[in-house]
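Next up, protein39.pdb (PDB, C-alpha atoms, pLDDT in the B column):
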```
ATOM      1  CA  MET A   1      74.141 110.466  92.909  1.00 43.00           C
ATOM      2  CA  ARG A   2      77.313 111.270  90.959  1.00 51.00           C
ATOM      3  CA  LEU A   3      80.514 109.284  90.715  1.00 51.00           C
ATOM      4  CA  LEU A   4      83.336 111.572  91.815  1.00 50.00           C
ATOM      5  CA  SER A   5      87.059 111.251  91.190  1.00 49.00           C
ATOM      6  CA  GLY A   6      90.230 113.288  91.423  1.00 52.00           C
ATOM      7  CA  SER A   7      90.178 116.606  93.260  1.00 52.00           C
ATOM      8  CA  LEU A   8      86.383 116.613  93.487  1.00 52.00           C
ATOM      9  CA  ALA A   9      86.478 113.302  95.368  1.00 51.00           C
ATOM     10  CA  LEU A  10      89.117 114.653  97.740  1.00 49.00           C
ATOM     11  CA  LEU A  11      86.996 117.710  98.440  1.00 52.00           C
ATOM     12  CA  ALA A  12      83.970 115.514  99.019  1.00 51.00           C
ATOM     13  CA  LEU A  13      85.789 113.238 101.426  1.00 50.00           C
ATOM     14  CA  GLY A  14      87.359 116.133 103.282  1.00 51.00           C
ATOM     15  CA  GLY A  15      84.146 118.096 103.598  1.00 49.00           C
ATOM     16  CA  THR A  16      83.365 121.533 102.205  1.00 48.00           C
ATOM     17  CA  PRO A  17      82.235 124.810 103.775  1.00 51.00           C
ATOM     18  CA  ALA A  18      78.465 125.006 104.170  1.00 49.00           C
ATOM     19  CA  ASP A  19      78.140 127.973 101.797  1.00 49.00           C
ATOM     20  CA  HIS A  20      80.066 126.139  99.054  1.00 49.00           C
ATOM     21  CA  ARG A  21      78.609 122.694  99.611  1.00 47.00           C
ATOM     22  CA  ASP A  22      77.296 120.928  96.520  1.00 48.00           C
ATOM     23  CA  SER A  23      73.962 119.288  97.281  1.00 48.00           C
ATOM     24  CA  TRP A  24      74.898 116.475  94.889  1.00 46.00           C
ATOM     25  CA  TYR A  25      77.912 115.396  96.953  1.00 50.00           C
ATOM     26  CA  PRO A  26      77.059 111.972  98.436  1.00 54.00           C
ATOM     27  CA  LEU A  27      80.325 111.702 100.386  1.00 54.00           C
ATOM     28  CA  ASP A  28      80.550 115.122 101.963  1.00 55.00           C
ATOM     29  CA  THR A  29      81.110 113.832 105.497  1.00 60.00           C
ATOM     30  CA  ALA A  30      82.634 110.778 107.099  1.00 59.00           C
ATOM     31  CA  ASP A  31      79.176 109.687 108.269  1.00 67.00           C
ATOM     32  CA  SER A  32      77.691 109.911 104.787  1.00 69.00           C
ATOM     33  CA  LEU A  33      80.614 107.944 103.365  1.00 69.00           C
ATOM     34  CA  ARG A  34      80.168 105.269 106.032  1.00 72.00           C
ATOM     35  CA  SER A  35      76.435 105.109 105.328  1.00 76.00           C
ATOM     36  CA  TRP A  36      77.009 104.897 101.579  1.00 72.00           C
ATOM     37  CA  LEU A  37      79.574 102.109 101.944  1.00 72.00           C
ATOM     38  CA  THR A  38      77.249 100.195 104.270  1.00 75.00           C
ATOM     39  CA  ASP A  39      74.433 100.396 101.727  1.00 75.00           C
ATOM     40  CA  GLN A  40      76.721  99.291  98.907  1.00 75.00           C
ATOM     41  CA  ALA A  41      78.140  96.410 100.955  1.00 73.00           C
ATOM     42  CA  ALA A  42      74.633  95.132 101.649  1.00 76.00           C
ATOM     43  CA  ARG A  43      73.770  95.259  97.957  1.00 78.00           C
ATOM     44  CA  TRP A  44      77.053  93.658  96.855  1.00 77.00           C
ATOM     45  CA  GLN A  45      76.684  90.908  99.425  1.00 72.00           C
ATOM     46  CA  ALA A  46      73.202  90.106  98.130  1.00 77.00           C
ATOM     47  CA  ASP A  47      74.222  90.196  94.466  1.00 79.00           C
ATOM     48  CA  ASP A  48      77.719  88.688  94.550  1.00 83.00           C
ATOM     49  CA  PRO A  49      78.399  85.461  96.509  1.00 86.00           C
ATOM     50  CA  CYS A  50      82.137  85.934  95.907  1.00 85.00           C
ATOM     51  CA  PHE A  51      82.082  89.360  97.569  1.00 84.00           C
ATOM     52  CA  ALA A  52      80.017  87.939 100.420  1.00 86.00           C
ATOM     53  CA  ALA A  53      82.575  85.165 100.993  1.00 86.00           C
ATOM     54  CA  HIS A  54      85.529  87.572 101.084  1.00 85.00           C
ATOM     55  CA  ARG A  55      83.561  89.906 103.373  1.00 84.00           C
ATOM     56  CA  ALA A  56      82.915  87.000 105.735  1.00 87.00           C
ATOM     57  CA  VAL A  57      86.668  86.417 105.981  1.00 88.00           C
ATOM     58  CA  GLY A  58      87.346  90.077 106.704  1.00 86.00           C
ATOM     59  CA  LEU A  59      84.592  90.351 109.299  1.00 86.00           C
ATOM     60  CA  ALA A  60      85.772  87.179 111.041  1.00 89.00           C
ATOM     61  CA  GLU A  61      89.237  88.698 111.430  1.00 89.00           C
ATOM     62  CA  LEU A  62      87.880  92.087 112.525  1.00 86.00           C
ATOM     63  CA  ASN A  63      85.614  90.513 115.113  1.00 88.00           C
ATOM     64  CA  ALA A  64      88.232  88.060 116.387  1.00 90.00           C
ATOM     65  CA  GLY A  65      89.194  90.367 119.235  1.00 89.00           C
ATOM     66  CA  ALA A  66      92.378  91.665 120.792  1.00 92.00           C
ATOM     67  CA  THR A  67      93.908  88.252 121.459  1.00 93.00           C
ATOM     68  CA  TYR A  68      93.854  87.334 117.787  1.00 93.00           C
ATOM     69  CA  GLN A  69      95.225  90.732 116.744  1.00 92.00           C
ATOM     70  CA  ALA A  70      98.059  90.298 119.249  1.00 95.00           C
ATOM     71  CA  LEU A  71      98.927  86.934 117.659  1.00 95.00           C
ATOM     72  CA  VAL A  72      99.013  88.550 114.218  1.00 94.00           C
ATOM     73  CA  GLN A  73     101.274  91.320 115.502  1.00 95.00           C
ATOM     74  CA  SER A  74     103.559  88.792 117.192  1.00 96.00           C
ATOM     75  CA  ARG A  75     103.866  86.809 113.982  1.00 96.00           C
ATOM     76  CA  ASP A  76     104.663  89.943 111.967  1.00 95.00           C
ATOM     77  CA  GLU A  77     107.332  91.013 114.455  1.00 96.00           C
ATOM     78  CA  ALA A  78     108.895  87.537 114.390  1.00 96.00           C
ATOM     79  CA  ALA A  79     108.937  87.641 110.577  1.00 95.00           C
ATOM     80  CA  ARG A  80     110.757  90.996 110.608  1.00 96.00           C
ATOM     81  CA  ASP A  81     113.280  89.686 113.123  1.00 96.00           C
ATOM     82  CA  TYR A  82     113.953  86.642 110.944  1.00 96.00           C
ATOM     83  CA  GLN A  83     114.581  88.813 107.877  1.00 95.00           C
ATOM     84  CA  ASP A  84     117.521  90.417 109.718  1.00 93.00           C
ATOM     85  CA  ALA A  85     118.721  87.209 111.381  1.00 95.00           C
ATOM     86  CA  PRO A  86     122.355  86.163 110.800  1.00 93.00           C
ATOM     87  CA  GLY A  87     121.270  82.548 110.348  1.00 93.00           C
ATOM     88  CA  ARG A  88     118.690  83.207 107.630  1.00 94.00           C
ATOM     89  CA  ALA A  89     121.141  82.757 104.754  1.00 90.00           C
ATOM     90  CA  ALA A  90     122.245  79.319 106.020  1.00 89.00           C
ATOM     91  CA  ILE A  91     118.628  78.141 106.333  1.00 92.00           C
ATOM     92  CA  GLU A  92     117.710  79.339 102.846  1.00 90.00           C
ATOM     93  CA  ASP A  93     120.887  77.923 101.255  1.00 84.00           C
ATOM     94  CA  THR A  94     120.572  74.469 102.810  1.00 84.00           C
ATOM     95  CA  THR A  95     116.828  74.322 102.139  1.00 87.00           C
ATOM     96  CA  ARG A  96     117.409  75.237  98.502  1.00 83.00           C
ATOM     97  CA  MET A  97     120.075  72.571  98.184  1.00 78.00           C
ATOM     98  CA  LEU A  98     117.796  69.969  99.714  1.00 81.00           C
ATOM     99  CA  ALA A  99     114.954  70.878  97.355  1.00 78.00           C
ATOM    100  CA  GLY A 100     117.269  70.919  94.341  1.00 73.00           C
ATOM    101  CA  GLY A 101     118.686  67.474  95.033  1.00 70.00           C
ATOM    102  CA  GLU A 102     121.684  66.068  93.187  1.00 69.00           C
ATOM    103  CA  ARG A 103     121.393  68.527  90.324  1.00 72.00           C
ATOM    104  CA  ALA A 104     121.838  71.485  92.673  1.00 70.00           C
ATOM    105  CA  VAL A 105     124.867  69.855  94.286  1.00 73.00           C
ATOM    106  CA  GLU A 106     126.420  69.098  90.902  1.00 77.00           C
ATOM    107  CA  GLY A 107     125.913  72.679  89.735  1.00 78.00           C
ATOM    108  CA  LEU A 108     127.454  74.049  92.910  1.00 76.00           C
ATOM    109  CA  ARG A 109     130.396  71.662  92.648  1.00 80.00           C
ATOM    110  CA  ALA A 110     130.995  72.657  89.017  1.00 85.00           C
ATOM    111  CA  PHE A 111     131.013  76.318  90.012  1.00 82.00           C
ATOM    112  CA  VAL A 112     133.508  75.710  92.824  1.00 82.00           C
ATOM    113  CA  GLU A 113     135.794  73.611  90.644  1.00 84.00           C
ATOM    114  CA  GLY A 114     135.643  76.184  87.836  1.00 82.00           C
ATOM    115  CA  ARG A 115     138.078  78.517  89.617  1.00 81.00           C
ATOM    116  CA  SER A 116     140.883  79.949  87.530  1.00 82.00           C
ATOM    117  CA  ASP A 117     143.664  82.543  87.633  1.00 82.00           C
ATOM    118  CA  ALA A 118     141.363  84.911  85.717  1.00 82.00           C
ATOM    119  CA  ASP A 119     138.975  85.185  88.668  1.00 84.00           C
ATOM    120  CA  ASP A 120     138.798  88.628  90.203  1.00 86.00           C
ATOM    121  CA  GLU A 121     138.333  89.268  93.916  1.00 87.00           C
ATOM    122  CA  VAL A 122     134.547  89.209  93.721  1.00 88.00           C
ATOM    123  CA  MET A 123     134.492  85.894  91.856  1.00 87.00           C
ATOM    124  CA  ARG A 124     136.972  84.330  94.278  1.00 86.00           C
ATOM    125  CA  ALA A 125     134.742  85.369  97.188  1.00 88.00           C
ATOM    126  CA  ARG A 126     131.708  83.853  95.473  1.00 86.00           C
ATOM    127  CA  ARG A 127     133.493  80.573  94.841  1.00 84.00           C
ATOM    128  CA  ALA A 128     134.732  80.463  98.460  1.00 85.00           C
ATOM    129  CA  ARG A 129     131.207  80.932  99.752  1.00 84.00           C
ATOM    130  CA  ALA A 130     129.957  78.249  97.362  1.00 81.00           C
ATOM    131  CA  ALA A 131     132.630  75.868  98.645  1.00 81.00           C
ATOM    132  CA  LEU A 132     131.423  76.424 102.218  1.00 78.00           C
ATOM    133  CA  LYS A 133     127.847  75.726 101.134  1.00 74.00           C
ATOM    134  CA  LEU A 134     128.949  72.563  99.348  1.00 73.00           C
ATOM    135  CA  GLN A 135     130.821  71.390 102.416  1.00 73.00           C
ATOM    136  CA  ALA A 136     127.829  72.076 104.656  1.00 68.00           C
ATOM    137  CA  CYS A 137     125.402  70.232 102.376  1.00 67.00           C
ATOM    138  CA  GLY A 138     127.470  67.042 102.182  1.00 65.00           C
ATOM    139  CA  GLU A 139     127.289  64.357  99.510  1.00 65.00           C
ATOM    140  CA  SER A 140     123.935  62.640 100.146  1.00 74.00           C
ATOM    141  CA  GLU A 141     120.326  63.606 100.767  1.00 77.00           C
ATOM    142  CA  ALA A 142     120.720  62.556 104.400  1.00 82.00           C
ATOM    143  CA  ASP A 143     123.631  64.981 104.706  1.00 81.00           C
ATOM    144  CA  ARG A 144     121.501  67.759 103.243  1.00 81.00           C
ATOM    145  CA  ILE A 145     118.647  67.010 105.661  1.00 86.00           C
ATOM    146  CA  ASP A 146     121.125  67.190 108.545  1.00 88.00           C
ATOM    147  CA  ALA A 147     122.458  70.477 107.173  1.00 85.00           C
ATOM    148  CA  VAL A 148     118.967  72.015 107.154  1.00 89.00           C
ATOM    149  CA  ALA A 149     118.339  70.786 110.709  1.00 92.00           C
ATOM    150  CA  ALA A 150     121.643  72.255 111.888  1.00 92.00           C
ATOM    151  CA  ALA A 151     120.906  75.608 110.263  1.00 92.00           C
ATOM    152  CA  VAL A 152     117.441  75.721 111.821  1.00 93.00           C
ATOM    153  CA  ALA A 153     118.779  74.771 115.250  1.00 94.00           C
ATOM    154  CA  GLY A 154     121.304  77.591 115.046  1.00 93.00           C
ATOM    155  CA  CYS A 155     118.763  80.320 114.269  1.00 95.00           C
ATOM    156  CA  ALA A 156     116.664  81.416 117.246  1.00 96.00           C
ATOM    157  CA  GLU A 157     114.749  83.901 115.085  1.00 96.00           C
ATOM    158  CA  TRP A 158     113.534  81.098 112.799  1.00 96.00           C
ATOM    159  CA  GLN A 159     112.372  79.049 115.755  1.00 95.00           C
ATOM    160  CA  ALA A 160     110.511  82.062 117.169  1.00 96.00           C
ATOM    161  CA  LEU A 161     108.836  82.645 113.800  1.00 96.00           C
ATOM    162  CA  GLN A 162     107.718  79.034 113.542  1.00 95.00           C
ATOM    163  CA  ALA A 163     106.260  79.147 117.060  1.00 96.00           C
ATOM    164  CA  ALA A 164     104.422  82.421 116.325  1.00 96.00           C
ATOM    165  CA  GLU A 165     102.998  81.029 113.080  1.00 96.00           C
ATOM    166  CA  ALA A 166     101.837  77.853 114.845  1.00 96.00           C
ATOM    167  CA  ARG A 167     100.005  79.887 117.518  1.00 96.00           C
ATOM    168  CA  LEU A 168      98.380  82.070 114.878  1.00 95.00           C
ATOM    169  CA  GLU A 169      97.343  79.113 112.739  1.00 95.00           C
ATOM    170  CA  ALA A 170      95.723  77.438 115.753  1.00 95.00           C
ATOM    171  CA  ALA A 171      93.728  80.617 116.385  1.00 95.00           C
ATOM    172  CA  ARG A 172      92.752  80.806 112.695  1.00 93.00           C
ATOM    173  CA  GLU A 173      91.518  77.217 112.822  1.00 94.00           C
ATOM    174  CA  ALA A 174      89.451  77.982 115.919  1.00 93.00           C
ATOM    175  CA  LEU A 175      87.829  80.922 114.105  1.00 92.00           C
ATOM    176  CA  GLY A 176      87.131  78.828 111.003  1.00 93.00           C
ATOM    177  CA  LEU A 177      89.194  81.145 108.797  1.00 92.00           C
ATOM    178  CA  PRO A 178      90.824  78.450 106.603  1.00 92.00           C
ATOM    179  CA  ALA A 179      87.392  77.069 105.643  1.00 92.00           C
ATOM    180  CA  LEU A 180      86.067  80.564 104.909  1.00 91.00           C
ATOM    181  CA  GLU A 181      89.123  81.388 102.776  1.00 90.00           C
ATOM    182  CA  GLN A 182      88.817  78.120 100.882  1.00 91.00           C
ATOM    183  CA  ALA A 183      85.161  78.847 100.118  1.00 90.00           C
ATOM    184  CA  ALA A 184      86.084  82.353  98.923  1.00 88.00           C
ATOM    185  CA  ARG A 185      88.805  80.989  96.632  1.00 89.00           C
ATOM    186  CA  ARG A 186      86.415  78.402  95.221  1.00 90.00           C
ATOM    187  CA  LEU A 187      83.825  81.077  94.437  1.00 88.00           C
ATOM    188  CA  GLU A 188      86.561  83.293  92.956  1.00 86.00           C
ATOM    189  CA  ARG A 189      87.614  80.510  90.577  1.00 87.00           C
ATOM    190  CA  ARG A 190      84.009  79.824  89.625  1.00 85.00           C
ATOM    191  CA  LYS A 191      83.425  83.516  88.974  1.00 81.00           C
ATOM    192  CA  GLY A 192      86.490  83.625  86.719  1.00 81.00           C
ATOM    193  CA  GLU A 193      85.393  80.516  84.841  1.00 79.00           C
ATOM    194  CA  ASP A 194      81.893  81.946  84.357  1.00 73.00           C
ATOM    195  CA  ALA A 195      83.353  85.226  83.058  1.00 72.00           C
ATOM    196  CA  SER A 196      85.623  83.360  80.639  1.00 73.00           C
ATOM    197  CA  ARG A 197      82.753  81.184  79.449  1.00 69.00           C
ATOM    198  CA  GLY A 198      80.545  84.233  79.003  1.00 64.00           C
ATOM    199  CA  GLY A 199      83.234  85.965  76.945  1.00 65.00           C
ATOM    200  CA  LYS A 200      83.581  82.959  74.651  1.00 66.00           C
ATOM    201  CA  ASP A 201      79.805  82.721  74.240  1.00 63.00           C
ATOM    202  CA  PHE A 202      79.699  86.413  73.340  1.00 61.00           C
ATOM    203  CA  GLU A 203      82.457  85.981  70.746  1.00 61.00           C
ATOM    204  CA  THR A 204      80.582  83.073  69.212  1.00 63.00           C
ATOM    205  CA  ALA A 205      77.252  84.913  69.137  1.00 60.00           C
ATOM    206  CA  ALA A 206      78.778  88.123  67.789  1.00 56.00           C
ATOM    207  CA  GLY A 207      81.084  86.358  65.354  1.00 57.00           C
ATOM    208  CA  ASP A 208      78.419  84.796  63.127  1.00 60.00           C
ATOM    209  CA  PRO A 209      76.648  88.021  62.072  1.00 63.00           C
ATOM    210  CA  LEU A 210      80.009  89.766  61.783  1.00 60.00           C
ATOM    211  CA  LEU A 211      81.251  87.082  59.405  1.00 60.00           C
ATOM    212  CA  GLU A 212      78.060  87.329  57.370  1.00 64.00           C
ATOM    213  CA  ALA A 213      78.500  91.083  57.067  1.00 64.00           C
ATOM    214  CA  LEU A 214      82.121  90.664  55.944  1.00 61.00           C
ATOM    215  CA  LEU A 215      81.134  88.117  53.343  1.00 61.00           C
ATOM    216  CA  ALA A 216      78.390  90.379  52.033  1.00 65.00           C
ATOM    217  CA  SER A 217      80.738  93.369  51.852  1.00 65.00           C
ATOM    218  CA  LEU A 218      83.221  91.433  49.713  1.00 62.00           C
ATOM    219  CA  GLY A 219      80.464  90.549  47.184  1.00 59.00           C
ATOM    220  CA  GLY A 220      80.740  88.591  43.926  1.00 46.00           C
ATOM    221  CA  GLY A 221      79.791  84.938  44.018  1.00 46.00           C
ATOM    222  CA  GLU A 222      79.907  82.490  46.846  1.00 49.00           C
ATOM    223  CA  LEU A 223      82.569  83.187  49.469  1.00 45.00           C
ATOM    224  CA  VAL A 224      83.976  80.306  51.477  1.00 46.00           C
ATOM    225  CA  PRO A 225      85.931  81.135  54.631  1.00 46.00           C
ATOM    226  CA  CYS A 226      89.029  78.945  54.760  1.00 46.00           C
ATOM    227  CA  PHE A 227      90.835  80.482  57.739  1.00 44.00           C
ATOM    228  CA  ILE A 228      89.646  82.687  60.568  1.00 43.00           C
ATOM    229  CA  SER A 229      91.605  84.002  63.549  1.00 42.00           C
ATOM    230  CA  ARG A 230      91.705  87.023  65.794  1.00 42.00           C
ATOM    231  CA  ALA A 231      94.361  88.521  63.537  1.00 42.00           C
ATOM    232  CA  GLY A 232      92.360  88.274  60.310  1.00 45.00           C
ATOM    233  CA  ALA A 233      90.805  85.945  57.759  1.00 44.00           C
ATOM    234  CA  MET A 234      91.256  84.690  54.207  1.00 44.00           C
ATOM    235  CA  PHE A 235      88.404  83.910  51.841  1.00 43.00           C
ATOM    236  CA  ILE A 236      88.210  82.067  48.550  1.00 42.00           C
ATOM    237  CA  SER A 237      85.979  83.872  46.016  1.00 43.00           C
ATOM    238  CA  GLN A 238      85.584  82.413  42.556  1.00 44.00           C
ATOM    239  CA  GLY A 239      89.023  80.866  42.712  1.00 44.00           C
ATOM    240  CA  GLU A 240      90.776  84.029  43.960  1.00 46.00           C
ATOM    241  CA  GLY A 241      92.148  84.741  47.415  1.00 44.00           C
ATOM    242  CA  VAL A 242      91.073  87.858  49.272  1.00 44.00           C
ATOM    243  CA  ALA A 243      93.039  88.670  52.464  1.00 43.00           C
ATOM    244  CA  TRP A 244      92.292  91.254  55.145  1.00 44.00           C
TER     245      TRP A 244
END
```
Show the structure stored in the file as structure tokens.
Amino acid sequence: MRLLSGSLALLALGGTPADHRDSWYPLDTADSLRSWLTDQAARWQADDPCFAAHRAVGLAELNAGATYQALVQSRDEAARDYQDAPGRAAIEDTTRMLAGGERAVEGLRAFVEGRSDADDEVMRARRARAALKLQACGESEADRIDAVAAAVAGCAEWQALQAAEARLEAAREALGLPALEQAARRLERRKGEDASRGGKDFETAAGDPLLEALLASLGGGELVPCFISRAGAMFISQGEGVAW
């Protein structure tokens, strides 16, 4: 079997006339592609626990049925509606101010009080908007919490999004998706750590004979490495420095 790419892969996926068909093409029809992918998925699942974990997540979602897919669609629609909602800016501003604490309030106040005759129309509009935000956020953390609550209460799209996300999350919990995703992430981290450890072991194993070869190539007396890095090394040979 050959690995195809570019225009050859497109021809293979799209099918070719019988009289021009290459007998080596493994993906000449949709059925052969499906069969090939099924075979590869079985092999990958057996050889790679990380792939198997991610596949389990995908299959759980695919097999969840129409009710689950409808919840996903409802959540996505609510998210799009919220993006265009008039009250979104107030929610994001007050939430940011609450998270930023006193420092955020002080910075906003300094910006508002920094107005001058040199301000152009754009800057005056920015300072006016900042003054409204400062007024809405109040002087204390309690005021900022109340400001967030007021902004949320005034945005029906946000409330609809939160309700849609809660329904979807309940369905995800019932399917066991959070546990499957957590297991997949854990295996992904372990795979990355193993790859990093393997790379370091390879560098160590390959570095010793490489260093010996470099020392031998420099010749002349005993060579003592005094500094080694990825960028280069310096050696002391009979009292003289040799850099590379």
Task: Chain and number of each residue from the PyMOL selection byres ((chain A and resi 148) around 8), as a ChimeraX atom specification - done: /A:91,94-95,98,144-147,149-152
Open item on the list: Rounded to one decimal, what separation in Å do you get between atom CA of A:Phe51 and atom CA of A:Glu188?
Closed with: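 Between atom CA of A:Phe51 and atom CA of A:Glu188 the gap is 8.8 Å.
The residue set within 10 Å of stretch 173-187 of chain A, counting only C-alpha atoms and dropping same-chain residues fewer than 5 places from it, reads Asp48, Pro49, Cys50, Phe51, Ala52, Ala53, His54, Arg55, Ala56, Val57, Gly58, Ala60, Glu61, Asn63, Ala64, Tyr68, Leu168, Gly192 and Glu193 of chain A.
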- [ ] Please measure the separation of atom CA of A:Ser74 and atom CA of A:Glu92, giving the value in Å to one decimal.
- [x]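 Here the two named atoms are 22.3 Å from each other.
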- [ ] Find the spatial neighbours of A:Cys155, counting all atoms listed in the file, within a cut-off of 10 Å - ignore same-chain residues fewer than 2 positions away - and output them as a list in words.
- [x]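 Once the nearby chain positions are removed, what remains is Tyr82, Ala85, Pro86, Gly87, Arg88, Ala90, Ile91, Ala150, Ala151, Val152, Ala153, Glu157, Trp158, Gln159 and Ala160 of chain A.
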Selection file, C-alpha atoms, as a PDB file, in the coordinates of the input:
```
ATOM      1  CA  TYR A  82     113.953  86.642 110.944  1.00 96.00           C
ATOM      2  CA  ALA A  85     118.721  87.209 111.381  1.00 95.00           C
ATOM      3  CA  PRO A  86     122.355  86.163 110.800  1.00 93.00           C
ATOM      4  CA  GLY A  87     121.270  82.548 110.348  1.00 93.00           C
ATOM      5  CA  ARG A  88     118.690  83.207 107.630  1.00 94.00           C
ATOM      6  CA  ALA A  90     122.245  79.319 106.020  1.00 89.00           C
ATOM      7  CA  ILE A  91     118.628  78.141 106.333  1.00 92.00           C
ATOM      8  CA  ALA A 150     121.643  72.255 111.888  1.00 92.00           C
ATOM      9  CA  ALA A 151     120.906  75.608 110.263  1.00 92.00           C
ATOM     10  CA  VAL A 152     117.441  75.721 111.821  1.00 93.00           C
ATOM     11  CA  ALA A 153     118.779  74.771 115.250  1.00 94.00           C
ATOM     12  CA  GLU A 157     114.749  83.901 115.085  1.00 96.00           C
ATOM     13  CA  TRP A 158     113.534  81.098 112.799  1.00 96.00           C
ATOM     14  CA  GLN A 159     112.372  79.049 115.755  1.00 95.00           C
ATOM     15  CA  ALA A 160     110.511  82.062 117.169  1.00 96.00           C
TER      16      ALA A 160
END
```
